[in-house]
Structure formats: C-alpha cells, structure tokens
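Shown next, in structure tokens, is the structure this report addresses.
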Amino acid sequence: MGFQIRMAFQPIIDWLDKSIYAYEALVRGPQGEGAGWVFQHINEGNKYYFDQACRVKAIQTAARLGCNSFLSINFLPNAVYNPETCIKATIEAADLYGFDLTKLIFEVTEGEQIPDKAHLNRIFQSYSKRGFQTAIDDYGSGFATLDWLIELKPDILKLDMQLIRDIDQHPAKQFIVEQTVAQCELQGTKVLAEGIETRAELDYLTSVGIRYLQGYYFAKPQLETLAQTAELSGLQ
C-alpha cells in the first residue's frame, strides 16, 4: 500500500444492559488521518491487500488493548474474491495475537457499489459457518432494501446516521425505521442505530425497541483506545 494504517475504536452500546456490546474498528492513517484520507490511497491494485491489512491491524490492536467485547470490522466485499482465503488470514491473525474468533463481527458498508447480491450472500454464508457475525452497515443510504435484508439475513443491521438524524421530528423516517425493526424482529436480526447525537434521537429509538446504539452522543472514535463504560455519556 505504501503507507501504514492504524485503528480507532468507537463503542457500540447495549442499551438494555447499559454496557458496551462491541467496538467498531475504524481505519486511520499513520498520523491519525481520517478514513477519507486513507481511501484516497486505495485503488483496484491494492484493495485486496488493504482489506486484509485492516482485518489484521484491527485484531492486533484490539488484542493489545485487552478487548473482551465483540470487535466489528468493516470489509470491502469487492475485495473478497474467495471468502475462505480471507477467513484463513483472519484466523491466523486471531491465533497470532490471541483474540477470540467468536467475538468477531464483519460488516459491509453500503458505501461500496455491490452489483452481485449472490457474491455477498456467499461471503455472509461462509462467515456465518465459521461462527462470525455479519452486519450490513449504513442501511438506508445505498444499495440495500428490504429484499436484500430478507435474503442476506445479517446478524446485525446498522441504520444509517442520515436516517437517524432528528428522527424524533420526522414521521417519514420513523415509518421506515419501524418497518425495518419489524422485519428484523421476524428474522432474528439485531437492529443497531448509528450516528446518535441527541437525547431526543436516543429516546425515540429506544422507545421503538432498538437495543444497540452508537454515536457521538455516547463517544467519538478514539485512536488506539477502548473507551470504558464509566467514561461514556448518556448511559444513565
């Protein structure tokens, strides 16, 4: 790739238990530059290596920091040519750094164009067979529809922050979220609302039964640091 990457971590809250359910690993540059800076350096030639490097760096850093919660890692489905090959590298990294494989969540972002639903389905099935949880990130902003949700059956569905923003004031957004929550309940998919910034957003989301929450309201991503429950705002 020609440059080093580091990882920041943002907690995912279990509202029912008032605890940290997971940490999402977010790629950063060598000096802590944001993901936008990093992705400016990613192309078709290095995408596969970058995807693998992110997995290894996330596991390595989380293990070093003593992560005992779930660890959520973003992956690029168009960089995964053979799911089993990618899984092999992931398992080797977990073994090397002493990280519990059963604590891994792999999430695909809607930001990447995914023309082949069958390919993504194969990836999800392969990961599920190995005991990893799967997640669709940024739901409501890109490719995924209810049809995708029903067919892919992810373990976790992350509602996009644009859907969450000021949702307490927008009946149209509320309708979409409530419809999605109902479908997820039917098929056993956890719903996670990301991008929460206000108490009003939080109150609405928890009122419709959303248990898993993420956003600046609780904590911003921290470079190579795992925020602890006592440090988080909004858990009272």
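Naming scheme: A, B, ... for chains in displayed order of the structure tokens; residues 1 onward per chain; ligands 1 onward as shown.
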Tell me, as a ChimeraX atom specification, which residues lie within 12 Å of Cys86 in chain A, counting only C-alpha atoms; anything in the same chain fewer than 3 positions away does not count. /A:48-56,75-77,79-83,89-93,106,123,126-127,130
Any chance you could list, as number ranges by chain, the residues in range 77-168 of chain A that come up strand (DSSP E) when DSSP is run on the backbone? A: 104-108, 133-139, 156-159
Output for the residues just chosen: C-alpha atoms as a PDB file, in the first residue's frame:
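New file selection20.pdb:
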```pdb
ATOM      1  CA  LEU A 104     -15.699 -11.052  15.513  1.00  0.00           C
ATOM      2  CA  ILE A 105     -18.352  -9.173  13.541  1.00  0.00           C
ATOM      3  CA  PHE A 106     -17.812  -8.382   9.857  1.00  0.00           C
ATOM      4  CA  GLU A 107     -19.826  -5.518   8.445  1.00  0.00           C
ATOM      5  CA  VAL A 108     -20.230  -4.473   4.833  1.00  0.00           C
ATOM      6  CA  GLN A 133     -21.472 -12.405  12.995  1.00  0.00           C
ATOM      7  CA  THR A 134     -22.323 -10.452   9.855  1.00  0.00           C
ATOM      8  CA  ALA A 135     -23.668  -6.920   9.586  1.00  0.00           C
ATOM      9  CA  ILE A 136     -24.930  -4.523   6.924  1.00  0.00           C
ATOM     10  CA  ASP A 137     -23.686  -1.019   7.646  1.00  0.00           C
ATOM     11  CA  ASP A 138     -25.320   2.298   6.660  1.00  0.00           C
ATOM     12  CA  TYR A 139     -28.693   0.707   5.884  1.00  0.00           C
ATOM     13  CA  ILE A 156     -26.935  -7.119  12.653  1.00  0.00           C
ATOM     14  CA  LEU A 157     -28.448  -4.281  10.636  1.00  0.00           C
ATOM     15  CA  LYS A 158     -26.975  -0.819  11.201  1.00  0.00           C
ATOM     16  CA  LEU A 159     -29.335   2.046  10.429  1.00  0.00           C
TER      17      LEU A 159
END
```
Residues of range 142-201 of chain A within 10 Å of range 4-12 of chain A: nearest atom pair and distance (Å, one decimal) for each, counting only C-alpha atoms, sorted by chain and number, as JSON lines?
```
{"residue": "A:Leu192", "atom": "CA", "partner": "A:Ile12", "partner_atom": "CA", "distance": 8.4}
{"residue": "A:Ala193", "atom": "CA", "partner": "A:Ile12", "partner_atom": "CA", "distance": 9.4}
{"residue": "A:Glu194", "atom": "CA", "partner": "A:Ile12", "partner_atom": "CA", "distance": 8.5}
```
Could you take the residues named above and write them with N, CA and C atoms, as a compact mmCIF listing (two decimals), in the first residue's frame?
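Written out: out_16.txt:
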```txt
# COMPACT_ATOMS: atom_id res chain seq x y z
N LEU A 192 -29.21 -1.98 14.97
CA LEU A 192 -28.27 -1.06 15.61
C LEU A 192 -28.44 0.31 14.97
N ALA A 193 -28.69 1.32 15.78
CA ALA A 193 -28.81 2.69 15.27
C ALA A 193 -27.48 3.39 15.47
N GLU A 194 -26.91 3.91 14.37
CA GLU A 194 -25.62 4.60 14.48
C GLU A 194 -25.80 6.09 14.21
```
A:Glu44, A:Thr225, A:Ala22, A:Gly2 ranked by distance to Thr61 in chain A, top pick (using only C-alpha atoms):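 Checking each of A:Glu44, A:Thr225, A:Ala22, A:Gly2 against Thr61 in chain A, counting only C-alpha atoms, the winner is A:Thr225.
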